[in-house]
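The block underneath contains the structure these notes are about, expressed in structure tokens.
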Amino acid sequence: MSITSLGRRTPIASVIALAASLTVSFAVLAPATPAFAASNAVPTYEVKINLTTAALDASHSPTAAVKAAFGISGSAKARSYEYFDTDAQALDAQGWSVRLRHKSGSSFEESYKKRYAVTNGDITAALNQANAQGFDSSDTNYDAEVDWGYAKQTLSFTNEKSHSASGSSGTAMPSSGTGRGWLVDEIPGKLDDWSRDNWGGDTLSASRAHGPVTAQVWSGAWEASDDASIEVLPVKNAAGTGTEYVIELSFKADTYADASRLHTDAIAAADRNGWLYHGDILKTDLILDRY
């Protein structure tokens, strides 16, 4: 379209209309950028590396060499936990996990966690997706964390609550019905109204306990992490005829740079000594499937 034609000047109104039209066209063609009410959450990090049973001694404890290699010291502490979901795992299908945990001498810990897959290391894309669903820097009820495994990364947002363990000894767990009742009563709003009003409460009310399982945990400090640990978890094998052991070496870090260095160095050290499991084991899925 030409602004002038045969030497005749186009009326001013037509020029203005054309300019407005072009502005709208350019706006439509311009790439869209996410617009959020608040900025993305800033996650902390937990490196989680699985080891083989070569890392254990005859009593199923980490060997002295493993402890020395990763700064693990002190005696083991027990903790029991279980996940609540329906037989069809309806919560898990929506990226939610609900856990009840009991550490010896402590209150019961209730955890409501929403997970987002991190694809090709793009943590920002996962944070954008979470932000679009209401998990952003303004929500102080949830802690954001990136779990960094051997090959996979997962972004999670966790709401934690507690329940008195008065009258319970050691790491004893309540009955499935009692634990489910606590979790339903204290369900956070995001989960409750996830896909419709009261969806979370209704789904959790129809759930059952998957577990419990009881792990032994050794703690320490290594490199940039002052929160290192090795968890040894006995679980039913896939056939249900015996027991196998999941050994998880983990380190918490505040920054991506520290987590990246811990991830690289831990894998190298474990591999060099023949302890590394070359893959990722998600304990949540394992317990949901086997219990």
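Starting from 1 in every chain, residues are counted up; chains themselves are A, B, ... following the order of the structure tokens, and ligands are numbered from 1 as listed.
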
Quick one: residues within 9 Å of Phe108 in chain A, only C-alpha atoms, excluding same-chain residues fewer than 3 positions away - as a PyMOL selection string?
chain A and resi 100-103+161-165+173

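Proximity of A:Ser59, A:Gln133, A:Thr140, A:Asn50 to His278 in chain A, computed with only C-alpha atoms, is greatest for A:Asn50.
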
Filtered DSSP result for range 36-256 of chain A, state strand (DSSP E or B), as number ranges by chain
A: 44-51, 56, 62, 72-85, 96-103, 108-118, 143-148, 153-163, 208-222, 225-236, 243-253

Just C-alpha atoms for this one: save the residues we selected as a tab-separated table (two decimals), in the first residue's frame.
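The new file result37.tsv reads:
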```tsv
chain	number	residue	atom	x	y	z
A	44	THR	CA	18.28	-23.99	46.67
A	45	TYR	CA	19.87	-27.23	45.45
A	46	GLU	CA	20.31	-30.81	46.60
A	47	VAL	CA	22.67	-33.10	44.75
A	48	LYS	CA	21.51	-36.73	44.98
A	49	ILE	CA	23.80	-39.48	43.73
A	50	ASN	CA	22.96	-43.16	44.08
A	51	LEU	CA	25.64	-45.68	45.04
A	56	LEU	CA	28.20	-50.98	52.04
A	62	PRO	CA	28.60	-47.32	54.48
A	72	ILE	CA	30.55	-38.55	56.65
A	73	SER	CA	30.96	-38.94	60.40
A	74	GLY	CA	29.04	-39.99	63.47
A	75	SER	CA	26.55	-42.77	64.05
A	76	ALA	CA	23.40	-43.51	62.08
A	77	LYS	CA	20.01	-42.00	62.86
A	78	ALA	CA	16.79	-43.74	61.93
A	79	ARG	CA	13.81	-42.25	60.13
A	80	SER	CA	10.62	-43.84	58.87
A	81	TYR	CA	8.34	-42.47	56.19
A	82	GLU	CA	5.49	-43.29	53.87
A	83	TYR	CA	3.71	-41.65	50.95
A	84	PHE	CA	-0.03	-41.22	50.62
A	85	ASP	CA	-1.72	-41.67	47.26
A	96	TRP	CA	2.20	-34.01	43.68
A	97	SER	CA	3.60	-36.17	46.47
A	98	VAL	CA	2.41	-36.22	50.07
A	99	ARG	CA	4.74	-37.70	52.68
A	100	LEU	CA	4.56	-38.39	56.41
A	101	ARG	CA	7.96	-38.85	58.08
A	102	HIS	CA	9.09	-39.57	61.63
A	103	LYS	CA	12.66	-39.09	62.81
A	108	PHE	CA	5.93	-36.10	62.66
A	109	GLU	CA	6.81	-34.18	59.50
A	110	GLU	CA	4.08	-33.60	56.90
A	111	SER	CA	5.33	-32.67	53.42
A	112	TYR	CA	3.24	-31.60	50.42
A	113	LYS	CA	5.45	-31.37	47.33
A	114	LYS	CA	4.79	-30.27	43.74
A	115	ARG	CA	7.38	-31.40	41.21
A	116	TYR	CA	8.34	-30.00	37.79
A	117	ALA	CA	10.67	-31.78	35.39
A	118	VAL	CA	13.73	-29.82	34.28
A	143	ASP	CA	10.44	-23.87	49.64
A	144	ALA	CA	11.82	-24.17	46.11
A	145	GLU	CA	14.59	-26.68	45.49
A	146	VAL	CA	16.27	-28.33	42.51
A	147	ASP	CA	17.09	-32.00	43.07
A	148	TRP	CA	20.13	-32.79	40.92
A	153	GLN	CA	17.07	-32.49	37.52
A	154	THR	CA	13.70	-31.87	39.16
A	155	LEU	CA	12.32	-28.60	40.51
A	156	SER	CA	10.11	-28.96	43.56
A	157	PHE	CA	8.04	-26.73	45.83
A	158	THR	CA	7.47	-28.11	49.32
A	159	ASN	CA	5.07	-27.05	52.05
A	160	GLU	CA	6.08	-28.59	55.38
A	161	LYS	CA	4.02	-28.91	58.55
A	162	SER	CA	4.42	-30.89	61.74
A	163	HIS	CA	2.25	-32.98	64.04
A	208	ARG	CA	-3.72	-44.99	51.52
A	209	ALA	CA	-0.25	-45.25	53.01
A	210	HIS	CA	2.46	-46.63	50.72
A	211	GLY	CA	5.03	-47.91	53.18
A	212	PRO	CA	6.26	-47.37	55.77
A	213	VAL	CA	9.96	-47.78	55.11
A	214	THR	CA	12.74	-47.14	57.62
A	215	ALA	CA	16.12	-45.76	56.61
A	216	GLN	CA	19.41	-45.22	58.40
A	217	VAL	CA	21.11	-41.87	57.77
A	218	TRP	CA	24.70	-40.79	58.37
A	219	SER	CA	25.57	-37.06	58.22
A	220	GLY	CA	28.63	-34.92	57.62
A	221	ALA	CA	30.13	-32.10	55.53
A	222	TRP	CA	32.03	-32.18	52.24
A	225	SER	CA	28.20	-28.47	51.59
A	226	ASP	CA	27.89	-28.52	55.36
A	227	ASP	CA	24.82	-30.78	54.95
A	228	ALA	CA	26.08	-34.01	53.45
A	229	SER	CA	24.47	-37.37	54.13
A	230	ILE	CA	24.24	-41.02	53.13
A	231	GLU	CA	20.86	-42.71	53.44
A	232	VAL	CA	20.59	-46.49	53.29
A	233	LEU	CA	17.01	-47.57	52.61
A	234	PRO	CA	15.91	-51.22	52.56
A	235	VAL	CA	12.93	-51.71	50.20
A	236	LYS	CA	10.99	-54.66	48.86
A	243	THR	CA	14.92	-56.84	50.08
A	244	GLU	CA	17.20	-54.55	48.13
A	245	TYR	CA	19.06	-51.47	49.29
A	246	VAL	CA	18.87	-47.95	47.91
A	247	ILE	CA	21.96	-45.95	48.85
A	248	GLU	CA	21.67	-42.21	48.34
A	249	LEU	CA	24.57	-39.79	48.76
A	250	SER	CA	23.32	-36.20	49.00
A	251	PHE	CA	24.64	-32.67	49.47
A	252	LYS	CA	22.68	-29.47	49.98
A	253	ALA	CA	23.89	-26.18	48.49
```

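CA of Pro174 in chain A is found 16.3 Å from CA of Leu204 in chain A.
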
Could you write out, as an NGL selection string, all the residues of range 40-280 of chain A that DSSP marks as helix (DSSP H, G or I)?
:A and (53-55 or 64-69 or 90-93 or 123-132 or 176-185 or 189-192 or 199-205 or 256-272)

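Put simply, CA of Leu262 in chain A is 26.6 Å away from CA of Gln129 in chain A.
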
List the spatial neighbours of Ser166 in chain A as a PyMOL selection string - criterion: any atom at most 10 Å away, only C-alpha atoms, same-chain residues fewer than 6 positions off excluded.
chain A and resi 105-108
